[in-house]
Amino acid sequence: MEAGMDLLHHSGIQATHYLQASFPGSQDWFLFVSFAADLRNTFFILFPIWFHLCEAVGIKLIWVAVIGDWLNLVFKWILFGQRPYWWVHETSFYHNTSAPPIQQFPVTCETGPGSPSGHAMGSAGVYYVMITAILSITLGNKQPSWRHRFLRLALWVAFWAIQVCVCLSRVFLAAHFPHQVIAGVISGMLVAASFQRIHSIYHASLQRYVATTLFLFSFALGFYLLLKLLGVDLLWTLEKAKRWCENPEWVHLDTTPFAGLLRNLGVLFGLGLALNSPMYLESCRGKPGQQWRFRLSCVAASLLTLHLFDSFKPPAKVELLFYLLSFCKSAAVPLAAAALVPYCVSQLLSQREKKAA
């Protein structure tokens, strides 16, 4: 088994070395793709756009992203996946030969286990939701025409082109092995497809959101503590990242498993608060929510507000405080985009209409 994994990892190292040697000028492109595939952009950009244009899609995006990333965390803790940038230094596979040189980048040194890839899993899930939503909206109750078939083909070609770019990016940056990104894409699509049949998320109460958040956190924490009692350290990768990363400044606390967990659970909790708040009911569910001028204004105002809000970086010196502030910051994102901003926009438009009358 170990020999087979060594061969699999060796082939991955060869792929990383080939990409870095063959496309040295593509570093900025692969860095951009990796940045764009981060779930942060789902929460700060895609969610406010989709929520105000088609609310159900925005809600599904959050659920797929959060549940998918939670499953990704559990899978990583179970599979104990290596990462190229430290495996190439620690393995005995190259004891008789020199290991292929692997270049590192500012986003290479992630601190969690490597399998499956979170970027690939999140990207596949999110884009699967958006593409199926576009196809469903454009088709409606009509019979498929040649235009719809062409659109379907074009969108799925675009989907796979994006996934290939994300996978190549993670391999090029030495953050993942090829089999890890492939597993991430498949897992992400399965999570997104499963939510096609789950309709209760669109009418979930605040109690449902709180209960789901507590369950996901309790399960992850309980699983971590159980394995720790059995002598398994699930934070074994943090030491490897600090040891083998070329630049200590590239090792960030926000890439640790618990940082991602609390960040995502904060978003889910914030969505529950927003959808069950009086501000949301008065604005998005009220008369203003039926007007396109209101919706487009909310999109623009939400993107601007979240862009300014994202400039706040929780201090990382005290680990517990960092986790707490990350949770609160994440909870404020959907709360602002789905409740606070729409309420302010509706009040502003209402005052303008009164003045005009």
# chains A, B, ... in the order shown; residues from 1 in each chain; ligands from 1

call {"tool": "residues_around", "arguments": {"residues": "A:Phe35", "least_positions_apart": "3", "cutoff": "10 Å", "atoms": "only C-alpha atoms", "output": "PyMOL selection string"}}
result
chain A and resi 29-32+38-41+107+119+166+169

call {"tool": "write_last_selection", "arguments": {"atoms": "all heavy atoms", "output": "short mmCIF file (atom, residue, chain, number, x, y, z; two decimals), in the first residue's frame"}}
result
data_model
loop_
_atom_site.label_atom_id
_atom_site.label_comp_id
_atom_site.auth_asym_id
_atom_site.auth_seq_id
_atom_site.Cartn_x
_atom_site.Cartn_y
_atom_site.Cartn_z
N TRP A 29 -1.00 33.63 -13.71
CA TRP A 29 -2.30 33.07 -14.11
C TRP A 29 -2.75 32.00 -13.13
O TRP A 29 -3.90 32.00 -12.68
CB TRP A 29 -2.21 32.51 -15.52
CG TRP A 29 -3.35 31.60 -15.88
CD1 TRP A 29 -3.30 30.25 -16.05
CD2 TRP A 29 -4.72 31.97 -16.08
NE1 TRP A 29 -4.54 29.75 -16.35
CE2 TRP A 29 -5.44 30.78 -16.37
CE3 TRP A 29 -5.41 33.17 -16.04
CZ2 TRP A 29 -6.81 30.78 -16.63
CZ3 TRP A 29 -6.78 33.18 -16.29
CH2 TRP A 29 -7.46 31.99 -16.58
N PHE A 30 -1.86 31.08 -12.77
CA PHE A 30 -2.23 30.01 -11.85
C PHE A 30 -2.52 30.56 -10.45
O PHE A 30 -3.40 30.04 -9.75
CB PHE A 30 -1.13 28.95 -11.80
CG PHE A 30 -1.09 28.07 -13.01
CD1 PHE A 30 0.07 27.95 -13.77
CD2 PHE A 30 -2.21 27.36 -13.41
CE1 PHE A 30 0.11 27.13 -14.89
CE2 PHE A 30 -2.18 26.54 -14.53
CZ PHE A 30 -1.03 26.43 -15.28
N LEU A 31 -1.80 31.59 -10.04
CA LEU A 31 -2.10 32.22 -8.75
C LEU A 31 -3.48 32.85 -8.77
O LEU A 31 -4.24 32.76 -7.79
CB LEU A 31 -1.04 33.27 -8.42
CG LEU A 31 0.33 32.74 -7.98
CD1 LEU A 31 1.34 33.88 -7.92
CD2 LEU A 31 0.23 32.06 -6.62
N PHE A 32 -3.83 33.50 -9.89
CA PHE A 32 -5.15 34.11 -10.01
C PHE A 32 -6.25 33.06 -9.97
O PHE A 32 -7.28 33.24 -9.30
CB PHE A 32 -5.25 34.92 -11.30
CG PHE A 32 -6.65 35.33 -11.65
CD1 PHE A 32 -7.27 36.38 -10.97
CD2 PHE A 32 -7.38 34.66 -12.63
CE1 PHE A 32 -8.58 36.74 -11.27
CE2 PHE A 32 -8.67 35.02 -12.93
CZ PHE A 32 -9.28 36.07 -12.25
N ASP A 38 -11.13 30.20 -4.49
CA ASP A 38 -11.30 30.20 -3.04
C ASP A 38 -12.77 30.48 -2.69
O ASP A 38 -13.41 31.32 -3.31
CB ASP A 38 -10.40 31.26 -2.41
CG ASP A 38 -10.26 31.09 -0.91
OD1 ASP A 38 -11.27 31.22 -0.20
OD2 ASP A 38 -9.14 30.81 -0.45
N LEU A 39 -13.27 29.78 -1.68
CA LEU A 39 -14.68 29.95 -1.28
C LEU A 39 -14.97 31.36 -0.78
O LEU A 39 -16.14 31.76 -0.73
CB LEU A 39 -15.05 28.93 -0.20
CG LEU A 39 -15.32 27.51 -0.67
CD1 LEU A 39 -15.72 26.63 0.50
CD2 LEU A 39 -16.40 27.48 -1.74
N ARG A 40 -13.94 32.08 -0.40
CA ARG A 40 -14.15 33.46 0.03
C ARG A 40 -14.89 34.25 -1.05
O ARG A 40 -15.76 35.08 -0.76
CB ARG A 40 -12.80 34.10 0.33
CG ARG A 40 -12.85 35.60 0.52
CD ARG A 40 -11.49 36.23 0.41
NE ARG A 40 -11.61 37.67 0.22
CZ ARG A 40 -11.87 38.26 -0.93
NH1 ARG A 40 -12.08 37.53 -2.03
NH2 ARG A 40 -11.97 39.58 -1.02
N ASN A 41 -14.56 34.02 -2.31
CA ASN A 41 -15.20 34.74 -3.41
C ASN A 41 -16.65 34.31 -3.59
O ASN A 41 -17.48 35.08 -4.09
CB ASN A 41 -14.42 34.52 -4.70
CG ASN A 41 -13.04 35.14 -4.65
OD1 ASN A 41 -12.89 36.33 -4.38
ND2 ASN A 41 -12.01 34.33 -4.86
N VAL A 107 0.96 30.97 -1.91
CA VAL A 107 -0.25 30.23 -1.53
C VAL A 107 0.00 28.73 -1.46
O VAL A 107 -0.94 27.95 -1.29
CB VAL A 107 -1.39 30.51 -2.53
CG1 VAL A 107 -1.76 31.97 -2.51
CG2 VAL A 107 -1.01 30.06 -3.94
N HIS A 119 -10.06 23.55 -2.78
CA HIS A 119 -10.31 24.49 -3.87
C HIS A 119 -11.07 23.80 -5.00
O HIS A 119 -12.05 24.34 -5.55
CB HIS A 119 -9.00 25.05 -4.41
CG HIS A 119 -8.44 26.16 -3.59
ND1 HIS A 119 -7.85 25.94 -2.36
CD2 HIS A 119 -8.36 27.51 -3.81
CE1 HIS A 119 -7.44 27.10 -1.86
NE2 HIS A 119 -7.74 28.07 -2.71
N VAL A 166 -8.51 25.05 -12.48
CA VAL A 166 -8.34 24.99 -11.03
C VAL A 166 -7.42 23.83 -10.65
O VAL A 166 -6.50 23.98 -9.83
CB VAL A 166 -9.70 24.86 -10.32
CG1 VAL A 166 -9.51 24.60 -8.82
CG2 VAL A 166 -10.54 26.11 -10.53
N SER A 169 -3.90 24.54 -11.63
CA SER A 169 -3.36 25.58 -10.76
C SER A 169 -2.87 24.99 -9.44
O SER A 169 -1.76 25.30 -8.99
CB SER A 169 -4.44 26.63 -10.49
OG SER A 169 -4.05 27.50 -9.43
#

call {"tool": "select_by_dssp", "arguments": {"residues": "stretch 120-261 of chain A", "states": "alpha helix (DSSP H)", "output": "ChimeraX atom specification"}}
result
/A:120-139,146-172,178-194,206-229,236-244,257-261

call {"tool": "residues_around", "arguments": {"residues": "A:Ser205", "least_positions_apart": "2", "cutoff": "12 Å", "atoms": "only C-alpha atoms", "output": "list of chain:residue names"}}
result
A:Ser200, A:Ile201, A:Tyr202, A:His203, A:Gln207, A:Arg208, A:Tyr209, A:Val210, A:Ala211, A:Thr212, A:Phe269, A:Leu271, A:Gly272, A:Leu273, A:Ala274, A:Leu275, A:Asn276, A:Ser277

call {"tool": "write_last_selection", "arguments": {"atoms": "C-alpha atoms", "output": "mmCIF file, in the first residue's frame"}}
result
data_model
loop_
_atom_site.group_PDB
_atom_site.id
_atom_site.type_symbol
_atom_site.label_atom_id
_atom_site.label_comp_id
_atom_site.auth_asym_id
_atom_site.auth_seq_id
_atom_site.Cartn_x
_atom_site.Cartn_y
_atom_site.Cartn_z
ATOM 1 C CA SER A 200 -36.123 22.387 2.994
ATOM 2 C CA ILE A 201 -33.146 24.770 2.988
ATOM 3 C CA TYR A 202 -35.230 27.496 1.321
ATOM 4 C CA HIS A 203 -37.692 27.728 4.210
ATOM 5 C CA GLN A 207 -33.689 27.188 14.978
ATOM 6 C CA ARG A 208 -32.818 24.924 12.043
ATOM 7 C CA TYR A 209 -29.804 27.047 11.164
ATOM 8 C CA VAL A 210 -28.619 27.170 14.778
ATOM 9 C CA ALA A 211 -29.089 23.425 15.216
ATOM 10 C CA THR A 212 -27.225 22.680 11.964
ATOM 11 C CA PHE A 269 -25.268 31.019 10.935
ATOM 12 C CA LEU A 271 -27.523 33.418 6.633
ATOM 13 C CA GLY A 272 -29.997 32.006 9.154
ATOM 14 C CA LEU A 273 -30.022 35.285 11.058
ATOM 15 C CA ALA A 274 -30.538 37.272 7.856
ATOM 16 C CA LEU A 275 -33.388 35.194 6.412
ATOM 17 C CA ASN A 276 -35.290 35.305 9.685
ATOM 18 C CA SER A 277 -34.765 38.989 10.426
#

call {"tool": "residues_around", "arguments": {"residues": "A:Ala337", "least_positions_apart": "3", "cutoff": "8 Å", "atoms": "only C-alpha atoms", "output": "PDB file with C-alpha atoms, in the first residue's frame"}}
result
ATOM      1  CA  PRO A  48     -24.761  38.717  -3.056  1.00  0.00           C
ATOM      2  CA  CYS A 298     -28.785  45.782  -3.592  1.00  0.00           C
ATOM      3  CA  SER A 302     -23.718  44.640  -1.195  1.00  0.00           C
ATOM      4  CA  LEU A 306     -18.535  43.492   1.527  1.00  0.00           C
ATOM      5  CA  VAL A 333     -21.286  38.755   5.506  1.00  0.00           C
ATOM      6  CA  PRO A 334     -24.715  37.216   4.657  1.00  0.00           C
ATOM      7  CA  LEU A 340     -28.934  45.101   6.373  1.00  0.00           C
ATOM      8  CA  VAL A 341     -28.072  46.390   2.895  1.00  0.00           C
ATOM      9  CA  PRO A 342     -31.511  45.568   1.351  1.00  0.00           C
TER      10      PRO A 342
END

call {"tool": "residues_around", "arguments": {"residues": "stretch 11-23 of chain A", "least_positions_apart": "3", "cutoff": "12 Å", "atoms": "only C-alpha atoms", "output": "PDB file with N, CA and C atoms, in the first residue's frame"}}
result
ATOM      1  N   GLY A   4       2.607   1.740  -3.287  1.00  0.00           N
ATOM      2  CA  GLY A   4       1.676   2.251  -4.293  1.00  0.00           C
ATOM      3  C   GLY A   4       1.427   3.734  -4.133  1.00  0.00           C
ATOM      4  N   MET A   5       1.275   4.206  -2.883  1.00  0.00           N
ATOM      5  CA  MET A   5       1.072   5.637  -2.638  1.00  0.00           C
ATOM      6  C   MET A   5       2.320   6.427  -2.991  1.00  0.00           C
ATOM      7  N   ASP A   6       3.498   5.846  -2.735  1.00  0.00           N
ATOM      8  CA  ASP A   6       4.732   6.533  -3.109  1.00  0.00           C
ATOM      9  C   ASP A   6       4.821   6.736  -4.621  1.00  0.00           C
ATOM     10  N   LEU A   7       4.428   5.715  -5.365  1.00  0.00           N
ATOM     11  CA  LEU A   7       4.423   5.847  -6.821  1.00  0.00           C
ATOM     12  C   LEU A   7       3.415   6.898  -7.276  1.00  0.00           C
ATOM     13  N   LEU A   8       2.247   6.915  -6.624  1.00  0.00           N
ATOM     14  CA  LEU A   8       1.222   7.903  -6.962  1.00  0.00           C
ATOM     15  C   LEU A   8       1.714   9.314  -6.650  1.00  0.00           C
ATOM     16  N   SER A  26       3.620  31.359 -16.487  1.00  0.00           N
ATOM     17  CA  SER A  26       2.195  31.276 -16.161  1.00  0.00           C
ATOM     18  C   SER A  26       1.925  31.359 -14.675  1.00  0.00           C
ATOM     19  N   GLN A  27       2.916  31.726 -13.908  1.00  0.00           N
ATOM     20  CA  GLN A  27       2.764  31.777 -12.453  1.00  0.00           C
ATOM     21  C   GLN A  27       1.613  32.690 -12.024  1.00  0.00           C
ATOM     22  N   ASP A  28       1.549  33.879 -12.594  1.00  0.00           N
ATOM     23  CA  ASP A  28       0.501  34.838 -12.206  1.00  0.00           C
ATOM     24  C   ASP A  28      -0.887  34.304 -12.564  1.00  0.00           C
ATOM     25  N   TRP A  29      -1.001  33.634 -13.708  1.00  0.00           N
ATOM     26  CA  TRP A  29      -2.296  33.074 -14.108  1.00  0.00           C
ATOM     27  C   TRP A  29      -2.749  31.999 -13.133  1.00  0.00           C
ATOM     28  N   PHE A  30      -1.857  31.084 -12.769  1.00  0.00           N
ATOM     29  CA  PHE A  30      -2.227  30.010 -11.850  1.00  0.00           C
ATOM     30  C   PHE A  30      -2.520  30.555 -10.448  1.00  0.00           C
ATOM     31  N   GLN A  82      -1.056  13.744   2.020  1.00  0.00           N
ATOM     32  CA  GLN A  82       0.175  14.525   1.993  1.00  0.00           C
ATOM     33  C   GLN A  82       0.005  15.712   1.041  1.00  0.00           C
ATOM     34  N   ARG A  83       0.963  16.621   1.127  1.00  0.00           N
ATOM     35  CA  ARG A  83       1.057  17.720   0.163  1.00  0.00           C
ATOM     36  C   ARG A  83       2.432  17.675  -0.501  1.00  0.00           C
ATOM     37  N   PRO A  84       2.488  18.027  -1.785  1.00  0.00           N
ATOM     38  CA  PRO A  84       3.756  17.892  -2.523  1.00  0.00           C
ATOM     39  C   PRO A  84       4.923  18.634  -1.902  1.00  0.00           C
ATOM     40  N   TYR A  85       4.672  19.856  -1.395  1.00  0.00           N
ATOM     41  CA  TYR A  85       5.792  20.693  -0.982  1.00  0.00           C
ATOM     42  C   TYR A  85       6.499  20.173   0.263  1.00  0.00           C
ATOM     43  N   TRP A  86       5.842  19.308   1.060  1.00  0.00           N
ATOM     44  CA  TRP A  86       6.577  18.693   2.169  1.00  0.00           C
ATOM     45  C   TRP A  86       6.903  17.231   1.909  1.00  0.00           C
ATOM     46  N   TRP A  87       6.055  16.540   1.140  1.00  0.00           N
ATOM     47  CA  TRP A  87       6.314  15.112   0.884  1.00  0.00           C
ATOM     48  C   TRP A  87       7.622  14.909   0.148  1.00  0.00           C
ATOM     49  N   VAL A  88       7.933  15.783  -0.793  1.00  0.00           N
ATOM     50  CA  VAL A  88       9.139  15.627  -1.599  1.00  0.00           C
ATOM     51  C   VAL A  88      10.407  15.721  -0.745  1.00  0.00           C
ATOM     52  N   HIS A  89      10.323  16.377   0.422  1.00  0.00           N
ATOM     53  CA  HIS A  89      11.481  16.501   1.306  1.00  0.00           C
ATOM     54  C   HIS A  89      11.569  15.364   2.323  1.00  0.00           C
ATOM     55  N   THR A  91      10.046  12.095   2.025  1.00  0.00           N
ATOM     56  CA  THR A  91       9.947  10.729   1.543  1.00  0.00           C
ATOM     57  C   THR A  91      11.323  10.083   1.369  1.00  0.00           C
ATOM     58  N   PHE A  93      11.578   7.837  -0.951  1.00  0.00           N
ATOM     59  CA  PHE A  93      11.451   7.327  -2.322  1.00  0.00           C
ATOM     60  C   PHE A  93      12.653   7.711  -3.169  1.00  0.00           C
ATOM     61  N   TYR A  94      13.246   8.863  -2.865  1.00  0.00           N
ATOM     62  CA  TYR A  94      14.354   9.361  -3.688  1.00  0.00           C
ATOM     63  C   TYR A  94      15.714   9.138  -3.016  1.00  0.00           C
ATOM     64  N   ALA A  99      15.580  14.284  -5.862  1.00  0.00           N
ATOM     65  CA  ALA A  99      14.161  14.585  -6.072  1.00  0.00           C
ATOM     66  C   ALA A  99      14.014  15.717  -7.082  1.00  0.00           C
ATOM     67  N   PRO A 100      12.971  15.685  -7.891  1.00  0.00           N
ATOM     68  CA  PRO A 100      12.735  16.794  -8.827  1.00  0.00           C
ATOM     69  C   PRO A 100      12.575  18.109  -8.070  1.00  0.00           C
ATOM     70  N   PRO A 101      13.187  19.176  -8.531  1.00  0.00           N
ATOM     71  CA  PRO A 101      13.057  20.472  -7.840  1.00  0.00           C
ATOM     72  C   PRO A 101      11.628  21.000  -7.937  1.00  0.00           C
ATOM     73  N   ILE A 102      11.078  21.392  -6.809  1.00  0.00           N
ATOM     74  CA  ILE A 102       9.712  21.914  -6.744  1.00  0.00           C
ATOM     75  C   ILE A 102       9.755  23.341  -6.213  1.00  0.00           C
ATOM     76  N   GLN A 103       9.163  24.244  -6.969  1.00  0.00           N
ATOM     77  CA  GLN A 103       9.118  25.651  -6.570  1.00  0.00           C
ATOM     78  C   GLN A 103       7.898  25.919  -5.695  1.00  0.00           C
ATOM     79  N   GLN A 104       8.056  26.778  -4.695  1.00  0.00           N
ATOM     80  CA  GLN A 104       6.947  27.166  -3.833  1.00  0.00           C
ATOM     81  C   GLN A 104       6.515  28.598  -4.125  1.00  0.00           C
ATOM     82  N   PHE A 105       5.251  28.904  -3.737  1.00  0.00           N
ATOM     83  CA  PHE A 105       4.660  30.211  -3.986  1.00  0.00           C
ATOM     84  C   PHE A 105       3.957  30.689  -2.717  1.00  0.00           C
ATOM     85  N   CYS A 167      -7.642  22.672 -11.244  1.00  0.00           N
ATOM     86  CA  CYS A 167      -6.824  21.496 -10.935  1.00  0.00           C
ATOM     87  C   CYS A 167      -5.366  21.722 -11.323  1.00  0.00           C
ATOM     88  N   LEU A 168      -5.141  22.254 -12.526  1.00  0.00           N
ATOM     89  CA  LEU A 168      -3.778  22.528 -12.962  1.00  0.00           C
ATOM     90  C   LEU A 168      -3.118  23.578 -12.069  1.00  0.00           C
ATOM     91  N   SER A 169      -3.896  24.542 -11.629  1.00  0.00           N
ATOM     92  CA  SER A 169      -3.363  25.581 -10.757  1.00  0.00           C
ATOM     93  C   SER A 169      -2.872  24.994  -9.440  1.00  0.00           C
ATOM     94  N   ARG A 170      -3.678  24.135  -8.814  1.00  0.00           N
ATOM     95  CA  ARG A 170      -3.297  23.563  -7.521  1.00  0.00           C
ATOM     96  C   ARG A 170      -2.094  22.637  -7.643  1.00  0.00           C
ATOM     97  N   VAL A 171      -1.990  21.945  -8.774  1.00  0.00           N
ATOM     98  CA  VAL A 171      -0.832  21.074  -9.006  1.00  0.00           C
ATOM     99  C   VAL A 171       0.404  21.913  -9.301  1.00  0.00           C
ATOM    100  N   PHE A 172       0.256  22.945 -10.132  1.00  0.00           N
ATOM    101  CA  PHE A 172       1.376  23.827 -10.473  1.00  0.00           C
ATOM    102  C   PHE A 172       1.957  24.478  -9.220  1.00  0.00           C
ATOM    103  N   LEU A 173       1.088  24.890  -8.304  1.00  0.00           N
ATOM    104  CA  LEU A 173       1.522  25.594  -7.099  1.00  0.00           C
ATOM    105  C   LEU A 173       2.069  24.661  -6.028  1.00  0.00           C
ATOM    106  N   ALA A 174       2.092  23.353  -6.306  1.00  0.00           N
ATOM    107  CA  ALA A 174       2.606  22.337  -5.378  1.00  0.00           C
ATOM    108  C   ALA A 174       1.778  22.253  -4.102  1.00  0.00           C
ATOM    109  N   ALA A 175       0.513  22.638  -4.188  1.00  0.00           N
ATOM    110  CA  ALA A 175      -0.378  22.548  -3.037  1.00  0.00           C
ATOM    111  C   ALA A 175      -1.084  21.201  -2.978  1.00  0.00           C
ATOM    112  N   HIS A 176      -1.231  20.524  -4.149  1.00  0.00           N
ATOM    113  CA  HIS A 176      -1.947  19.246  -4.202  1.00  0.00           C
ATOM    114  C   HIS A 176      -1.334  18.323  -5.239  1.00  0.00           C
ATOM    115  N   PHE A 177      -1.575  17.031  -5.045  1.00  0.00           N
ATOM    116  CA  PHE A 177      -1.254  16.034  -6.054  1.00  0.00           C
ATOM    117  C   PHE A 177      -2.438  15.918  -7.012  1.00  0.00           C
ATOM    118  N   PRO A 178      -2.212  15.432  -8.240  1.00  0.00           N
ATOM    119  CA  PRO A 178      -3.306  15.314  -9.218  1.00  0.00           C
ATOM    120  C   PRO A 178      -4.492  14.488  -8.725  1.00  0.00           C
ATOM    121  N   HIS A 179      -4.244  13.371  -8.034  1.00  0.00           N
ATOM    122  CA  HIS A 179      -5.370  12.540  -7.591  1.00  0.00           C
ATOM    123  C   HIS A 179      -6.215  13.261  -6.545  1.00  0.00           C
ATOM    124  N   GLN A 180      -5.614  14.202  -5.828  1.00  0.00           N
ATOM    125  CA  GLN A 180      -6.366  14.947  -4.811  1.00  0.00           C
ATOM    126  C   GLN A 180      -7.321  15.959  -5.435  1.00  0.00           C
ATOM    127  N   VAL A 181      -6.896  16.601  -6.520  1.00  0.00           N
ATOM    128  CA  VAL A 181      -7.782  17.568  -7.164  1.00  0.00           C
ATOM    129  C   VAL A 181      -8.902  16.851  -7.921  1.00  0.00           C
ATOM    130  N   ILE A 182      -8.603  15.685  -8.490  1.00  0.00           N
ATOM    131  CA  ILE A 182      -9.648  14.907  -9.171  1.00  0.00           C
ATOM    132  C   ILE A 182     -10.702  14.457  -8.162  1.00  0.00           C
TER     133      ILE A 182
END

call {"tool": "closest_residue", "arguments": {"among": "A:Ala338, A:Ile198, A:Leu73, A:Ala301", "to": "A:Leu235", "atoms": "only C-alpha atoms"}}
result
A:Leu73

call {"tool": "residues_around", "arguments": {"residues": "A:Ile162", "least_positions_apart": "2", "cutoff": "10 Å", "atoms": "only C-alpha atoms", "output": "PyMOL selection string"}}
result
chain A and resi 33+37+120+123-124+127+156-160+164-168

call {"tool": "closest_residue", "arguments": {"among": "A:Leu234, A:Val191, A:Val267, A:Cys328", "to": "A:Leu71", "atoms": "only C-alpha atoms"}}
result
A:Val191

call {"tool": "atom_distance", "arguments": {"atom1": "atom CA of A:His199", "atom2": "atom CA of A:Gly266"}}
result
21.7 Å

call {"tool": "residues_around", "arguments": {"residues": "A:Arg243", "least_positions_apart": "4", "cutoff": "12 Å", "atoms": "only C-alpha atoms", "output": "MDAnalysis selection string"}}
result
chainID A and resid 85:87 89:90 109 111 236:239 247:248 250:251

call {"tool": "write_last_selection", "arguments": {"atoms": "N, CA, C and O atoms", "output": "PDB file, in the first residue's frame"}}
result
ATOM      1  N   TYR A  85       4.672  19.856  -1.395  1.00  0.00           N
ATOM      2  CA  TYR A  85       5.792  20.693  -0.982  1.00  0.00           C
ATOM      3  C   TYR A  85       6.499  20.173   0.263  1.00  0.00           C
ATOM      4  O   TYR A  85       7.649  20.552   0.527  1.00  0.00           O
ATOM      5  N   TRP A  86       5.842  19.308   1.060  1.00  0.00           N
ATOM      6  CA  TRP A  86       6.577  18.693   2.169  1.00  0.00           C
ATOM      7  C   TRP A  86       6.903  17.231   1.909  1.00  0.00           C
ATOM      8  O   TRP A  86       7.908  16.721   2.369  1.00  0.00           O
ATOM      9  N   TRP A  87       6.055  16.540   1.140  1.00  0.00           N
ATOM     10  CA  TRP A  87       6.314  15.112   0.884  1.00  0.00           C
ATOM     11  C   TRP A  87       7.622  14.909   0.148  1.00  0.00           C
ATOM     12  O   TRP A  87       8.370  13.966   0.443  1.00  0.00           O
ATOM     13  N   HIS A  89      10.323  16.377   0.422  1.00  0.00           N
ATOM     14  CA  HIS A  89      11.481  16.501   1.306  1.00  0.00           C
ATOM     15  C   HIS A  89      11.569  15.364   2.323  1.00  0.00           C
ATOM     16  O   HIS A  89      12.670  15.052   2.791  1.00  0.00           O
ATOM     17  N   GLU A  90      10.435  14.766   2.662  1.00  0.00           N
ATOM     18  CA  GLU A  90      10.420  13.776   3.736  1.00  0.00           C
ATOM     19  C   GLU A  90      10.443  12.327   3.256  1.00  0.00           C
ATOM     20  O   GLU A  90      10.810  11.429   4.003  1.00  0.00           O
ATOM     21  N   CYS A 109       1.852  26.987   0.859  1.00  0.00           N
ATOM     22  CA  CYS A 109       2.025  26.393   2.189  1.00  0.00           C
ATOM     23  C   CYS A 109       0.746  26.371   3.014  1.00  0.00           C
ATOM     24  O   CYS A 109       0.672  26.957   4.113  1.00  0.00           O
ATOM     25  N   THR A 111      -1.899  24.629   5.518  1.00  0.00           N
ATOM     26  CA  THR A 111      -1.516  23.895   6.721  1.00  0.00           C
ATOM     27  C   THR A 111      -2.354  22.660   7.002  1.00  0.00           C
ATOM     28  O   THR A 111      -2.096  21.956   7.969  1.00  0.00           O
ATOM     29  N   TRP A 236      -1.187  17.413  12.647  1.00  0.00           N
ATOM     30  CA  TRP A 236       0.180  16.999  12.298  1.00  0.00           C
ATOM     31  C   TRP A 236       0.731  17.774  11.104  1.00  0.00           C
ATOM     32  O   TRP A 236       1.938  17.926  10.954  1.00  0.00           O
ATOM     33  N   THR A 237      -0.169  18.271  10.276  1.00  0.00           N
ATOM     34  CA  THR A 237       0.283  18.962   9.068  1.00  0.00           C
ATOM     35  C   THR A 237       0.821  20.360   9.356  1.00  0.00           C
ATOM     36  O   THR A 237       1.599  20.897   8.566  1.00  0.00           O
ATOM     37  N   LEU A 238       0.406  20.959  10.467  1.00  0.00           N
ATOM     38  CA  LEU A 238       0.847  22.312  10.796  1.00  0.00           C
ATOM     39  C   LEU A 238       2.362  22.341  11.017  1.00  0.00           C
ATOM     40  O   LEU A 238       3.060  23.259  10.559  1.00  0.00           O
ATOM     41  N   GLU A 239       2.885  21.327  11.691  1.00  0.00           N
ATOM     42  CA  GLU A 239       4.330  21.241  11.930  1.00  0.00           C
ATOM     43  C   GLU A 239       5.088  21.070  10.611  1.00  0.00           C
ATOM     44  O   GLU A 239       6.149  21.666  10.401  1.00  0.00           O
ATOM     45  N   ASN A 247       9.265  30.146   3.039  1.00  0.00           N
ATOM     46  CA  ASN A 247       9.100  31.462   3.658  1.00  0.00           C
ATOM     47  C   ASN A 247       8.107  31.336   4.817  1.00  0.00           C
ATOM     48  O   ASN A 247       6.933  31.039   4.578  1.00  0.00           O
ATOM     49  N   PRO A 248       8.531  31.549   6.058  1.00  0.00           N
ATOM     50  CA  PRO A 248       7.606  31.422   7.203  1.00  0.00           C
ATOM     51  C   PRO A 248       6.386  32.323   7.091  1.00  0.00           C
ATOM     52  O   PRO A 248       5.328  32.008   7.658  1.00  0.00           O
ATOM     53  N   TRP A 250       4.571  32.693   4.627  1.00  0.00           N
ATOM     54  CA  TRP A 250       3.576  32.057   3.768  1.00  0.00           C
ATOM     55  C   TRP A 250       2.698  31.070   4.533  1.00  0.00           C
ATOM     56  O   TRP A 250       1.741  30.532   3.966  1.00  0.00           O
ATOM     57  N   VAL A 251       3.027  30.795   5.776  1.00  0.00           N
ATOM     58  CA  VAL A 251       2.212  29.903   6.606  1.00  0.00           C
ATOM     59  C   VAL A 251       1.210  30.757   7.358  1.00  0.00           C
ATOM     60  O   VAL A 251       1.574  31.522   8.262  1.00  0.00           O
TER      61      VAL A 251
END

call {"tool": "closest_atom_pairs", "arguments": {"of": "stretch 262-288 of chain A", "to": "stretch 53-69 of chain A", "cutoff": "8 Å", "atoms": "only C-alpha atoms", "output": "JSON lines"}}
result
{"residue": "A:Asn264", "atom": "CA", "partner": "A:Val66", "partner_atom": "CA", "distance": 5.4}
{"residue": "A:Leu265", "atom": "CA", "partner": "A:Val66", "partner_atom": "CA", "distance": 6.9}
{"residue": "A:Val267", "atom": "CA", "partner": "A:Ile62", "partner_atom": "CA", "distance": 7.6}
{"residue": "A:Leu268", "atom": "CA", "partner": "A:Ile62", "partner_atom": "CA", "distance": 6.9}

call {"tool": "atom_distance", "arguments": {"atom1": "atom CA of A:Tyr224", "atom2": "atom CA of A:Val74"}}
result
9.4 Å
